[in-house]
file upload24.csv (CSV, C-alpha atoms)
chain,number,residue,atom,x,y,z
A,1,MET,CA,0.0,0.0,0.0
A,2,ARG,CA,1.3,3.3,-0.9
A,3,PHE,CA,0.2,6.3,1.0
A,4,SER,CA,0.1,9.5,-0.8
A,5,GLN,CA,2.4,12.1,0.6
A,6,ARG,CA,1.0,15.5,0.7
A,7,ASN,CA,3.2,18.2,-0.5
A,8,ARG,CA,3.3,20.5,2.4
A,9,SER,CA,5.3,23.6,1.9
A,10,LYS,CA,6.7,25.4,4.8
A,11,ALA,CA,5.5,28.9,5.4
A,12,PRO,CA,8.3,31.5,4.8
A,13,THR,CA,10.0,32.6,8.0
A,14,LEU,CA,12.3,35.3,9.0
A,15,ALA,CA,15.7,34.5,10.4
A,16,LEU,CA,15.3,36.5,13.6
A,17,THR,CA,18.5,35.3,15.2
A,18,SER,CA,20.7,37.3,12.8
A,19,MET,CA,18.5,40.4,13.0
A,20,LEU,CA,18.6,40.2,16.9
A,21,ASP,CA,22.4,40.0,16.7
A,22,VAL,CA,22.6,43.1,14.6
A,23,ILE,CA,20.2,45.0,16.8
A,24,PHE,CA,22.2,43.9,19.9
A,25,LEU,CA,25.5,45.1,18.4
A,26,LEU,CA,23.9,48.4,17.4
A,27,LEU,CA,22.6,48.9,20.9
A,28,CYS,CA,26.1,48.1,22.4
A,29,PHE,CA,27.7,50.6,20.0
A,30,PHE,CA,25.3,53.4,20.9
A,31,VAL,CA,25.6,52.9,24.6
A,32,THR,CA,29.4,52.9,24.4
A,33,VAL,CA,29.4,56.0,22.2
A,34,SER,CA,27.1,57.8,24.5
A,35,VAL,CA,29.2,57.1,27.6
A,36,PHE,CA,32.4,58.3,26.0
A,37,SER,CA,30.8,61.4,24.3
A,38,GLN,CA,29.2,62.7,27.5
A,39,TRP,CA,30.6,66.0,28.6
A,40,GLU,CA,29.2,68.0,31.4
A,41,SER,CA,28.7,71.6,30.4
A,42,GLU,CA,27.0,74.2,32.5
A,43,ILE,CA,25.9,77.1,30.3
A,44,SER,CA,26.7,79.7,32.9
A,45,ILE,CA,30.3,78.7,33.2
A,46,LYS,CA,32.9,80.5,31.1
A,47,LEU,CA,36.3,78.8,31.3
A,48,PRO,CA,39.5,80.7,31.4
A,49,ASN,CA,41.8,80.6,28.4
A,50,ALA,CA,45.1,78.8,28.2
A,51,LYS,CA,47.4,78.8,25.2
A,52,THR,CA,48.7,75.3,26.1
A,53,ALA,CA,45.2,73.7,26.5
A,54,GLU,CA,44.7,70.3,24.9
A,55,ALA,CA,41.7,68.3,24.1
A,56,PRO,CA,41.1,66.1,27.1
A,57,GLU,CA,41.4,62.3,27.0
A,58,ARG,CA,38.3,61.4,28.9
A,59,LEU,CA,38.5,58.6,31.4
A,60,PRO,CA,35.4,56.5,32.1
A,61,GLY,CA,33.7,57.4,35.4
A,62,GLU,CA,35.4,60.7,36.0
A,63,ILE,CA,33.5,63.2,38.0
A,64,ILE,CA,33.0,66.7,36.7
A,65,VAL,CA,32.6,69.4,39.4
A,66,ASN,CA,31.3,72.8,38.2
A,67,LEU,CA,32.1,75.9,40.1
A,68,ALA,CA,29.9,78.9,39.2
A,69,LYS,CA,30.8,82.5,39.4
A,70,ASP,CA,28.7,83.0,42.5
A,71,GLY,CA,30.6,80.1,44.3
A,72,GLY,CA,27.9,77.5,43.8
A,73,VAL,CA,29.1,73.9,43.3
A,74,SER,CA,27.2,71.4,41.1
A,75,VAL,CA,27.8,67.8,40.0
A,76,ASN,CA,25.5,66.3,37.3
A,77,SER,CA,23.3,69.5,37.5
A,78,VAL,CA,22.7,68.9,41.2
A,79,LYS,CA,23.8,71.9,43.5
A,80,LEU,CA,25.8,70.8,46.5
A,81,SER,CA,27.5,72.5,49.4
A,82,LEU,CA,31.2,71.9,49.9
A,83,GLU,CA,30.4,69.7,52.9
A,84,GLU,CA,28.0,67.5,50.8
A,85,LEU,CA,30.5,67.3,48.0
A,86,GLY,CA,33.2,66.3,50.4
A,87,ALA,CA,31.1,63.5,51.9
A,88,ARG,CA,30.3,62.2,48.4
A,89,LEU,CA,33.9,62.4,47.2
A,90,ALA,CA,35.0,60.6,50.4
A,91,LYS,CA,32.6,57.7,49.7
A,92,VAL,CA,33.8,57.5,46.1
A,93,ALA,CA,37.5,57.7,47.1
A,94,LYS,CA,36.9,54.9,49.6
A,95,PHE,CA,35.7,52.5,46.9
A,96,TYR,CA,37.7,53.8,43.9
A,97,PRO,CA,41.2,55.1,44.9
A,98,GLY,CA,42.6,57.4,42.2
A,99,GLN,CA,39.2,58.5,41.1
A,100,PRO,CA,39.6,61.3,38.5
A,101,VAL,CA,37.9,64.6,39.1
A,102,ILE,CA,37.7,67.5,36.6
A,103,ILE,CA,37.1,71.0,38.1
A,104,ARG,CA,35.3,73.4,35.7
A,105,ALA,CA,35.6,76.8,37.4
A,106,ASP,CA,34.2,79.9,35.9
A,107,LYS,CA,36.9,82.4,34.9
A,108,GLU,CA,35.5,85.0,37.2
A,109,VAL,CA,35.3,82.9,40.3
A,110,ARG,CA,37.2,84.1,43.4
A,111,TYR,CA,40.5,82.4,43.9
A,112,GLU,CA,39.6,81.7,47.5
A,113,THR,CA,36.5,79.8,46.5
A,114,LEU,CA,38.6,77.6,44.0
A,115,VAL,CA,41.1,76.9,46.8
A,116,LYS,CA,38.3,75.8,49.1
A,117,LEU,CA,37.0,73.4,46.4
A,118,ILE,CA,40.5,72.0,45.9
A,119,ASP,CA,41.0,71.6,49.6
A,120,THR,CA,37.7,69.8,49.8
A,121,CYS,CA,38.9,67.3,47.2
A,122,ARG,CA,42.2,66.8,49.0
A,123,ALA,CA,40.5,66.3,52.4
A,124,SER,CA,38.2,63.7,50.7
A,125,ASP,CA,41.3,61.7,49.6
A,126,ILE,CA,40.9,62.8,45.9
A,127,TRP,CA,44.3,63.6,44.5
A,128,ASN,CA,43.7,62.9,40.8
A,129,PHE,CA,42.0,66.2,39.8
A,130,SER,CA,42.5,68.6,37.0
A,131,LEU,CA,41.3,72.1,36.0
A,132,ALA,CA,39.4,72.6,32.8
A,133,THR,CA,40.4,75.5,30.5
A,134,GLU,CA,39.4,76.9,27.2
A,135,GLY,CA,41.9,76.5,24.4
A,136,GLY,CA,43.2,79.4,22.2
A,137,GLU,CA,42.6,83.1,22.3
A,138,GLY,CA,38.8,83.2,21.9
A,139,GLU,CA,36.1,83.5,24.5
A,140,GLY,CA,33.5,80.8,25.0
A,141,GLU,CA,32.7,77.4,26.2
A,142,ALA,CA,35.0,74.4,26.5
A,143,LYS,CA,35.1,72.0,23.6

call {"tool": "encode", "arguments": {"input": "upload24.csv", "output": "structure tokens"}}
result
Amino acid sequence: MRFSQRNRSKAPTLALTSMLDVIFLLLCFFVTVSVFSQWESEISIKLPNAKTAEAPERLPGEIIVNLAKDGGVSVNSVKLSLEELGARLAKVAKFYPGQPVIIRADKEVRYETLVKLIDTCRASDIWNFSLATEGGEGEGEAK
């Protein structure tokens, strides 16, 4: 006895595995790019000029502290007092020794205020800090 075989054709399918791999790689790429391209910039801060300024090589996880003309300190757009900043930096330094910090001080800030901020960093065991400047002769924001 011979049974007739029905000619069943398979419905066309999409190969989702390859498409998901591509989407995952694109997601990884954009997350990586966004982390490394992030630069904290407060509109009200005008950095001082330096002829020897160079484009910074950003380190992952560095903290950017903004010091406004009126002496206000902010990190990630959150205003902090020097005591609050010192407590936060001390916690960070405890878990991550050598934590990099960039200080973006307005060019019209009082020298005494800048020294207090640097002293707060040093008292919190943060020794890897740098001061942001504007390159060249022109006025404006940091690049």

call {"tool": "atom_distance", "arguments": {"input": "upload24.csv", "atom1": "atom CA of Leu117 of chain A", "atom2": "atom CA of Leu67 of chain A"}}
result
8.4 Å

call {"tool": "residues_around", "arguments": {"input": "upload24.csv", "residues": "Asp106 of chain A", "least_positions_apart": "4", "cutoff": "10 Å", "atoms": "all atoms listed in the file", "output": "CSV table (one decimal) with C-alpha atoms, keeping the file's coordinate frame"}}
result
chain,number,residue,atom,x,y,z
A,42,GLU,CA,27.0,74.2,32.5
A,44,SER,CA,26.7,79.7,32.9
A,45,ILE,CA,30.3,78.7,33.2
A,46,LYS,CA,32.9,80.5,31.1
A,47,LEU,CA,36.3,78.8,31.3
A,48,PRO,CA,39.5,80.7,31.4
A,66,ASN,CA,31.3,72.8,38.2
A,67,LEU,CA,32.1,75.9,40.1
A,68,ALA,CA,29.9,78.9,39.2
A,69,LYS,CA,30.8,82.5,39.4
A,70,ASP,CA,28.7,83.0,42.5
A,71,GLY,CA,30.6,80.1,44.3
A,110,ARG,CA,37.2,84.1,43.4
A,114,LEU,CA,38.6,77.6,44.0
A,132,ALA,CA,39.4,72.6,32.8
A,133,THR,CA,40.4,75.5,30.5

call {"tool": "atom_distance", "arguments": {"input": "upload24.csv", "atom1": "atom CA of Trp127 of chain A", "atom2": "atom CA of Gly98 of chain A"}}
result
6.8 Å

call {"tool": "atom_distance", "arguments": {"input": "upload24.csv", "atom1": "atom CA of Ser77 of chain A", "atom2": "atom CA of Ile102 of chain A"}}
result
14.6 Å

call {"tool": "decode", "arguments": {"input": "upload24.csv", "residues": "segment 61-109 of chain A", "atoms": "N, CA and C atoms", "output": "PDB file, in the first residue's frame"}}
result
ATOM      1  N   GLY A  61      34.060  57.201  33.948  1.00  0.00           N
ATOM      2  CA  GLY A  61      33.716  57.360  35.352  1.00  0.00           C
ATOM      3  C   GLY A  61      34.263  58.595  36.031  1.00  0.00           C
ATOM      4  N   GLU A  62      34.895  59.491  35.289  1.00  0.00           N
ATOM      5  CA  GLU A  62      35.422  60.686  35.952  1.00  0.00           C
ATOM      6  C   GLU A  62      34.280  61.604  36.372  1.00  0.00           C
ATOM      7  N   ILE A  63      34.513  62.311  37.462  1.00  0.00           N
ATOM      8  CA  ILE A  63      33.505  63.196  38.028  1.00  0.00           C
ATOM      9  C   ILE A  63      33.827  64.616  37.601  1.00  0.00           C
ATOM     10  N   ILE A  64      32.819  65.341  37.119  1.00  0.00           N
ATOM     11  CA  ILE A  64      33.014  66.721  36.707  1.00  0.00           C
ATOM     12  C   ILE A  64      32.310  67.616  37.716  1.00  0.00           C
ATOM     13  N   VAL A  65      33.095  68.477  38.370  1.00  0.00           N
ATOM     14  CA  VAL A  65      32.571  69.400  39.377  1.00  0.00           C
ATOM     15  C   VAL A  65      32.571  70.787  38.757  1.00  0.00           C
ATOM     16  N   ASN A  66      31.405  71.423  38.714  1.00  0.00           N
ATOM     17  CA  ASN A  66      31.273  72.767  38.153  1.00  0.00           C
ATOM     18  C   ASN A  66      31.235  73.780  39.283  1.00  0.00           C
ATOM     19  N   LEU A  67      32.056  74.824  39.154  1.00  0.00           N
ATOM     20  CA  LEU A  67      32.116  75.903  40.132  1.00  0.00           C
ATOM     21  C   LEU A  67      31.683  77.187  39.442  1.00  0.00           C
ATOM     22  N   ALA A  68      30.501  77.690  39.809  1.00  0.00           N
ATOM     23  CA  ALA A  68      29.920  78.869  39.161  1.00  0.00           C
ATOM     24  C   ALA A  68      30.558  80.147  39.703  1.00  0.00           C
ATOM     25  N   LYS A  69      30.276  81.236  39.006  1.00  0.00           N
ATOM     26  CA  LYS A  69      30.817  82.543  39.369  1.00  0.00           C
ATOM     27  C   LYS A  69      30.427  82.952  40.788  1.00  0.00           C
ATOM     28  N   ASP A  70      29.209  82.591  41.197  1.00  0.00           N
ATOM     29  CA  ASP A  70      28.738  82.961  42.536  1.00  0.00           C
ATOM     30  C   ASP A  70      29.243  82.020  43.630  1.00  0.00           C
ATOM     31  N   GLY A  71      30.036  81.014  43.274  1.00  0.00           N
ATOM     32  CA  GLY A  71      30.594  80.090  44.254  1.00  0.00           C
ATOM     33  C   GLY A  71      29.789  78.823  44.426  1.00  0.00           C
ATOM     34  N   GLY A  72      28.703  78.675  43.675  1.00  0.00           N
ATOM     35  CA  GLY A  72      27.878  77.472  43.751  1.00  0.00           C
ATOM     36  C   GLY A  72      28.565  76.281  43.104  1.00  0.00           C
ATOM     37  N   VAL A  73      28.465  75.145  43.748  1.00  0.00           N
ATOM     38  CA  VAL A  73      29.089  73.920  43.260  1.00  0.00           C
ATOM     39  C   VAL A  73      27.988  72.981  42.782  1.00  0.00           C
ATOM     40  N   SER A  74      28.181  72.368  41.602  1.00  0.00           N
ATOM     41  CA  SER A  74      27.200  71.408  41.105  1.00  0.00           C
ATOM     42  C   SER A  74      27.905  70.228  40.455  1.00  0.00           C
ATOM     43  N   VAL A  75      27.298  69.060  40.624  1.00  0.00           N
ATOM     44  CA  VAL A  75      27.768  67.823  40.006  1.00  0.00           C
ATOM     45  C   VAL A  75      26.543  67.178  39.369  1.00  0.00           C
ATOM     46  N   ASN A  76      26.637  66.893  38.085  1.00  0.00           N
ATOM     47  CA  ASN A  76      25.501  66.328  37.335  1.00  0.00           C
ATOM     48  C   ASN A  76      24.250  67.186  37.484  1.00  0.00           C
ATOM     49  N   SER A  77      24.418  68.483  37.397  1.00  0.00           N
ATOM     50  CA  SER A  77      23.343  69.469  37.492  1.00  0.00           C
ATOM     51  C   SER A  77      22.640  69.479  38.854  1.00  0.00           C
ATOM     52  N   VAL A  78      23.277  68.919  39.877  1.00  0.00           N
ATOM     53  CA  VAL A  78      22.743  68.933  41.239  1.00  0.00           C
ATOM     54  C   VAL A  78      23.624  69.861  42.079  1.00  0.00           C
ATOM     55  N   LYS A  79      23.011  70.906  42.640  1.00  0.00           N
ATOM     56  CA  LYS A  79      23.756  71.855  43.459  1.00  0.00           C
ATOM     57  C   LYS A  79      24.054  71.232  44.813  1.00  0.00           C
ATOM     58  N   LEU A  80      25.320  71.366  45.252  1.00  0.00           N
ATOM     59  CA  LEU A  80      25.781  70.809  46.513  1.00  0.00           C
ATOM     60  C   LEU A  80      26.559  71.854  47.287  1.00  0.00           C
ATOM     61  N   SER A  81      26.570  71.707  48.615  1.00  0.00           N
ATOM     62  CA  SER A  81      27.475  72.522  49.421  1.00  0.00           C
ATOM     63  C   SER A  81      28.838  71.826  49.427  1.00  0.00           C
ATOM     64  N   LEU A  82      29.860  72.530  49.879  1.00  0.00           N
ATOM     65  CA  LEU A  82      31.185  71.924  49.933  1.00  0.00           C
ATOM     66  C   LEU A  82      31.213  70.731  50.887  1.00  0.00           C
ATOM     67  N   GLU A  83      30.434  70.781  51.963  1.00  0.00           N
ATOM     68  CA  GLU A  83      30.390  69.665  52.905  1.00  0.00           C
ATOM     69  C   GLU A  83      29.750  68.435  52.267  1.00  0.00           C
ATOM     70  N   GLU A  84      28.652  68.644  51.526  1.00  0.00           N
ATOM     71  CA  GLU A  84      27.988  67.532  50.841  1.00  0.00           C
ATOM     72  C   GLU A  84      28.891  66.941  49.767  1.00  0.00           C
ATOM     73  N   LEU A  85      29.566  67.815  49.032  1.00  0.00           N
ATOM     74  CA  LEU A  85      30.489  67.347  48.006  1.00  0.00           C
ATOM     75  C   LEU A  85      31.623  66.547  48.631  1.00  0.00           C
ATOM     76  N   GLY A  86      32.161  67.049  49.745  1.00  0.00           N
ATOM     77  CA  GLY A  86      33.242  66.343  50.422  1.00  0.00           C
ATOM     78  C   GLY A  86      32.818  64.960  50.891  1.00  0.00           C
ATOM     79  N   ALA A  87      31.603  64.848  51.424  1.00  0.00           N
ATOM     80  CA  ALA A  87      31.105  63.545  51.878  1.00  0.00           C
ATOM     81  C   ALA A  87      30.954  62.582  50.704  1.00  0.00           C
ATOM     82  N   ARG A  88      30.432  63.069  49.593  1.00  0.00           N
ATOM     83  CA  ARG A  88      30.254  62.205  48.412  1.00  0.00           C
ATOM     84  C   ARG A  88      31.601  61.786  47.830  1.00  0.00           C
ATOM     85  N   LEU A  89      32.531  62.736  47.754  1.00  0.00           N
ATOM     86  CA  LEU A  89      33.851  62.388  47.215  1.00  0.00           C
ATOM     87  C   LEU A  89      34.587  61.418  48.125  1.00  0.00           C
ATOM     88  N   ALA A  90      34.394  61.539  49.437  1.00  0.00           N
ATOM     89  CA  ALA A  90      35.040  60.610  50.369  1.00  0.00           C
ATOM     90  C   ALA A  90      34.516  59.191  50.164  1.00  0.00           C
ATOM     91  N   LYS A  91      33.199  59.055  49.926  1.00  0.00           N
ATOM     92  CA  LYS A  91      32.624  57.728  49.658  1.00  0.00           C
ATOM     93  C   LYS A  91      33.185  57.145  48.364  1.00  0.00           C
ATOM     94  N   VAL A  92      33.285  57.991  47.349  1.00  0.00           N
ATOM     95  CA  VAL A  92      33.803  57.523  46.063  1.00  0.00           C
ATOM     96  C   VAL A  92      35.270  57.121  46.197  1.00  0.00           C
ATOM     97  N   ALA A  93      36.063  57.934  46.901  1.00  0.00           N
ATOM     98  CA  ALA A  93      37.495  57.657  47.056  1.00  0.00           C
ATOM     99  C   ALA A  93      37.733  56.389  47.865  1.00  0.00           C
ATOM    100  N   LYS A  94      36.812  56.068  48.767  1.00  0.00           N
ATOM    101  CA  LYS A  94      36.946  54.851  49.568  1.00  0.00           C
ATOM    102  C   LYS A  94      36.861  53.607  48.687  1.00  0.00           C
ATOM    103  N   PHE A  95      35.927  53.625  47.728  1.00  0.00           N
ATOM    104  CA  PHE A  95      35.736  52.462  46.860  1.00  0.00           C
ATOM    105  C   PHE A  95      36.598  52.502  45.600  1.00  0.00           C
ATOM    106  N   TYR A  96      36.942  53.702  45.129  1.00  0.00           N
ATOM    107  CA  TYR A  96      37.717  53.848  43.894  1.00  0.00           C
ATOM    108  C   TYR A  96      38.911  54.760  44.140  1.00  0.00           C
ATOM    109  N   PRO A  97      39.993  54.248  44.690  1.00  0.00           N
ATOM    110  CA  PRO A  97      41.172  55.091  44.892  1.00  0.00           C
ATOM    111  C   PRO A  97      41.701  55.574  43.531  1.00  0.00           C
ATOM    112  N   GLY A  98      42.130  56.807  43.492  1.00  0.00           N
ATOM    113  CA  GLY A  98      42.627  57.373  42.234  1.00  0.00           C
ATOM    114  C   GLY A  98      41.512  57.865  41.336  1.00  0.00           C
ATOM    115  N   GLN A  99      40.325  58.070  41.884  1.00  0.00           N
ATOM    116  CA  GLN A  99      39.172  58.544  41.110  1.00  0.00           C
ATOM    117  C   GLN A  99      39.502  59.889  40.451  1.00  0.00           C
ATOM    118  N   PRO A 100      39.372  60.005  39.115  1.00  0.00           N
ATOM    119  CA  PRO A 100      39.639  61.286  38.460  1.00  0.00           C
ATOM    120  C   PRO A 100      38.481  62.269  38.631  1.00  0.00           C
ATOM    121  N   VAL A 101      38.830  63.522  38.895  1.00  0.00           N
ATOM    122  CA  VAL A 101      37.861  64.600  39.050  1.00  0.00           C
ATOM    123  C   VAL A 101      38.313  65.762  38.184  1.00  0.00           C
ATOM    124  N   ILE A 102      37.396  66.345  37.428  1.00  0.00           N
ATOM    125  CA  ILE A 102      37.690  67.541  36.631  1.00  0.00           C
ATOM    126  C   ILE A 102      36.943  68.704  37.260  1.00  0.00           C
ATOM    127  N   ILE A 103      37.664  69.768  37.549  1.00  0.00           N
ATOM    128  CA  ILE A 103      37.060  70.971  38.120  1.00  0.00           C
ATOM    129  C   ILE A 103      36.897  71.986  37.003  1.00  0.00           C
ATOM    130  N   ARG A 104      35.637  72.357  36.733  1.00  0.00           N
ATOM    131  CA  ARG A 104      35.324  73.374  35.725  1.00  0.00           C
ATOM    132  C   ARG A 104      34.926  74.640  36.465  1.00  0.00           C
ATOM    133  N   ALA A 105      35.887  75.517  36.704  1.00  0.00           N
ATOM    134  CA  ALA A 105      35.634  76.755  37.446  1.00  0.00           C
ATOM    135  C   ALA A 105      35.448  77.906  36.470  1.00  0.00           C
ATOM    136  N   ASP A 106      34.454  78.740  36.730  1.00  0.00           N
ATOM    137  CA  ASP A 106      34.223  79.928  35.930  1.00  0.00           C
ATOM    138  C   ASP A 106      35.442  80.835  36.021  1.00  0.00           C
ATOM    139  N   LYS A 107      35.743  81.547  34.942  1.00  0.00           N
ATOM    140  CA  LYS A 107      36.946  82.376  34.944  1.00  0.00           C
ATOM    141  C   LYS A 107      36.831  83.583  35.866  1.00  0.00           C
ATOM    142  N   GLU A 108      35.629  83.912  36.314  1.00  0.00           N
ATOM    143  CA  GLU A 108      35.451  85.046  37.214  1.00  0.00           C
ATOM    144  C   GLU A 108      35.265  84.626  38.667  1.00  0.00           C
ATOM    145  N   VAL A 109      35.455  83.342  38.964  1.00  0.00           N
ATOM    146  CA  VAL A 109      35.292  82.864  40.330  1.00  0.00           C
ATOM    147  C   VAL A 109      36.445  83.370  41.198  1.00  0.00           C
TER     148      VAL A 109
END
